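The block underneath contains the structure these notes are about, expressed in structure tokens.
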Amino acid sequence: MTTDKLKGRVALVTGASLGIGRAAAVALARAGASVAINYRSHAEEAEQVAQAVRDAGAKAIVLQADVADYDAVEKMVADTVAEFGKLDIAVSNAAYSDRELFYEADLAGFRRTVDVTLWGAFYLLRASTRQMISQGAGGSVVLVSSPHAFIPAPRAMAYNMSKAALEHMARTAAIEVAEHRIRVNVIQPGWTDTPGERKFADEETLQRAGAKIPLGRLGTAEEMAEGILFMCDPAHDYMTGAALLIDGGISLPWWASRGSAAPG
């Protein structure tokens, strides 16, 4: 369904070639926004997203950049403004994660996780808010976080600490840019069925694990995109420094699951 709630707005979404980023780009387009689609290595998929954006009646450009490179992120923001004339919405979705015990982890992969997941989010936050401040018309930044920010999932230390830091970064930014009417919010998607999850588990494993979540399934990228759209909607312009949890109950205590007894 298309609407005009974001008509005239310009959005930039990182990591938009697959998964939640892809769904967010399409959702923003269906709400009327022109969309800059960032990718690092999935060029064909990014072009498919651009076509889906155009099919929704919106304008699209595709921008290749590694978000761990600050100069590349600054250029990406500049290229978005050169194409569309401004930037109103920035969605930091790009992430990277290995799954290893921290004391055995390959440190190159550990650092890459932090560089993309935390520093990449900061680079977009900084570059986009600087652009929005110069425009003087406010704006909205959404950082995609995770329940990993507050659940110490084993074998994911670099990702956990990156998401935890990202959330405090977002709250700090929210207060620092409030005077410019720029809103900074966080979404916390739970276990979501995306190509990224299939890096760690096959279909059978995902289905079996999803059945154990309190609501009985994994989330979808489209459900997470609706949360992102909610935060970008001007109708919710009193919302800043907030975190929206969409996780099917996975972060609830384990004894809240069906048929389990509380410990003790």
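So you can find residues: chains in the structure tokens are A, B, ... in the order shown, residues in each start at 1, and ligands are numbered from 1 in order.
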
Checklist entry - Looking only at the backbone, which of the residues in segment 35-68 of chain A does DSSP tag as helix (DSSP H, G or I), as a list in words? => result Ala43, Glu44, Glu45, Ala46, Glu47, Gln48, Val49, Ala50, Gln51, Ala52, Val53, Arg54 and Asp55 of chain A

Checklist entry - What lies within 7 Å of segment 153-164 of chain A using only C-alpha atoms, ignoring chain neighbours under 6 positions off, as a PyMOL selection string? => result chain A and resi 97-102+110+113-114+117-118+145-146

Produce a file of the selected residues containing N, CA and C atoms, as a short mmCIF file (atom, residue, chain, number, x, y, z; two decimals), in the first residue's frame.
```cif
data_model
loop_
_atom_site.label_atom_id
_atom_site.label_comp_id
_atom_site.auth_asym_id
_atom_site.auth_seq_id
_atom_site.Cartn_x
_atom_site.Cartn_y
_atom_site.Cartn_z
N SER A 97 28.92 -9.27 11.39
CA SER A 97 29.12 -10.02 12.62
C SER A 97 29.69 -11.39 12.33
N ASP A 98 30.71 -11.76 13.08
CA ASP A 98 31.18 -13.13 13.13
C ASP A 98 30.66 -13.75 14.41
N ARG A 99 30.67 -15.06 14.49
CA ARG A 99 30.23 -15.75 15.70
C ARG A 99 31.38 -16.62 16.21
N GLU A 100 32.08 -16.11 17.21
CA GLU A 100 33.22 -16.82 17.77
C GLU A 100 33.35 -16.48 19.25
N LEU A 101 33.91 -17.41 20.04
CA LEU A 101 34.25 -17.08 21.41
C LEU A 101 35.30 -15.98 21.41
N PHE A 102 35.15 -15.00 22.29
CA PHE A 102 36.02 -13.82 22.22
C PHE A 102 37.49 -14.18 22.42
N PHE A 110 36.81 -9.50 14.42
CA PHE A 110 36.29 -8.80 15.60
C PHE A 110 36.29 -7.30 15.34
N THR A 113 33.73 -6.22 12.73
CA THR A 113 32.38 -6.13 13.30
C THR A 113 32.16 -4.78 13.95
N VAL A 114 33.12 -4.33 14.74
CA VAL A 114 33.00 -3.03 15.41
C VAL A 114 33.07 -1.90 14.40
N THR A 117 29.57 -2.11 12.39
CA THR A 117 28.34 -2.05 13.17
C THR A 117 28.26 -0.81 14.05
N LEU A 118 29.38 -0.41 14.65
CA LEU A 118 29.39 0.78 15.50
C LEU A 118 29.91 2.00 14.77
N SER A 145 19.45 -1.32 15.80
CA SER A 145 20.18 -1.97 16.88
C SER A 145 19.74 -3.43 16.96
N SER A 146 19.64 -3.95 18.16
CA SER A 146 19.32 -5.37 18.36
C SER A 146 19.14 -5.63 19.84
#
```

Checklist entry - If you run DSSP on the backbone, which residues of segment 73-223 of chain A are strand (DSSP E or B), as a list in words? => result Ile89, Ala90, Val91, Ser92, Glu100, Gly139, Ser140, Val141, Val142, Leu143, Val144, Ala156, Ile182, Arg183, Val184, Asn185, Val186, Ile187, Gln188, Pro189, Thr192 and Gly219 of chain A

Checklist entry - Which residues, written as an NGL selection string, have at least one atom at most 7 Å from segment 219-227 of chain A, with only C-alpha atoms counted and residues fewer than 3 positions away on the same chain left out? => result :A and (19-20 or 23-24 or 27 or 189-194 or 230-231)

Using C-alpha atoms, can you export the residues from the last selection as a compact mmCIF listing (two decimals), in the first residue's frame?
```
# COMPACT_ATOMS: atom_id res chain seq x y z
CA GLY A 19 17.13 -8.04 4.45
CA ILE A 20 15.86 -5.29 6.73
CA ALA A 23 12.51 -3.80 3.18
CA ALA A 24 13.06 -0.37 4.77
CA ALA A 27 8.62 0.88 2.79
CA PRO A 189 14.73 -6.08 15.69
CA GLY A 190 14.62 -9.52 17.23
CA TRP A 191 15.55 -12.70 15.43
CA THR A 192 14.57 -11.90 11.86
CA ASP A 193 14.52 -14.17 8.83
CA THR A 194 17.08 -12.47 6.60
CA PHE A 230 6.91 4.52 12.19
CA MET A 231 9.95 6.30 13.59
```

For Ala127 of chain A, find every residue with an atom within 10 Å (counting only C-alpha atoms), except residues of its own chain fewer than 6 positions away, and show them as an mmCIF file with N, CA and C atoms, in the first residue's frame.
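After the write, out-v5.cif holds the following:
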```cif
data_model
loop_
_atom_site.group_PDB
_atom_site.id
_atom_site.type_symbol
_atom_site.label_atom_id
_atom_site.label_comp_id
_atom_site.auth_asym_id
_atom_site.auth_seq_id
_atom_site.Cartn_x
_atom_site.Cartn_y
_atom_site.Cartn_z
ATOM 1 N N TYR A 70 34.892 6.493 6.650
ATOM 2 C CA TYR A 70 34.187 7.753 6.894
ATOM 3 C C TYR A 70 34.122 8.628 5.651
ATOM 4 N N ASP A 71 35.210 8.716 4.909
ATOM 5 C CA ASP A 71 35.207 9.536 3.696
ATOM 6 C C ASP A 71 34.166 9.031 2.700
ATOM 7 N N VAL A 73 31.399 7.478 3.456
ATOM 8 C CA VAL A 73 30.068 7.818 3.976
ATOM 9 C C VAL A 73 29.766 9.289 3.722
ATOM 10 N N GLU A 74 30.733 10.151 3.943
ATOM 11 C CA GLU A 74 30.521 11.572 3.651
ATOM 12 C C GLU A 74 30.195 11.790 2.176
ATOM 13 N N LYS A 75 30.904 11.080 1.302
ATOM 14 C CA LYS A 75 30.638 11.202 -0.126
ATOM 15 C C LYS A 75 29.247 10.679 -0.463
ATOM 16 N N MET A 76 28.838 9.600 0.202
ATOM 17 C CA MET A 76 27.518 9.035 -0.036
ATOM 18 C C MET A 76 26.426 10.040 0.319
ATOM 19 N N VAL A 77 26.583 10.723 1.447
ATOM 20 C CA VAL A 77 25.615 11.746 1.827
ATOM 21 C C VAL A 77 25.640 12.888 0.813
ATOM 22 N N ALA A 78 26.835 13.309 0.420
ATOM 23 C CA ALA A 78 26.957 14.393 -0.570
ATOM 24 C C ALA A 78 26.335 13.996 -1.904
ATOM 25 N N ALA A 90 17.797 9.388 7.531
ATOM 26 C CA ALA A 90 18.940 8.482 7.402
ATOM 27 C C ALA A 90 18.672 7.241 8.242
#
```

Checklist entry - Near Val26 of chain A, counting only C-alpha atoms, which residues have an atom at most 8 Å away, once you skip same-chain residues fewer than 4 positions from it, shown as a count of residues only? => result 6

Item to check | Residue contacts of Gly241 of chain A (8 Å, only C-alpha atoms) excluding same-chain residues fewer than 6 positions away, as a list in words | outcome: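 My list of contacting residues is Ala170, Arg171, Thr172, Ala174, Ile175, Arg183, Val184, Asn185 and Val186 of chain A.
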
Checklist entry - If you measure from atom CA of Tyr238 of chain A to atom CA of Ala137 of chain A, what distance in Å do you get, rounded to one decimal? => result 15.1 Å
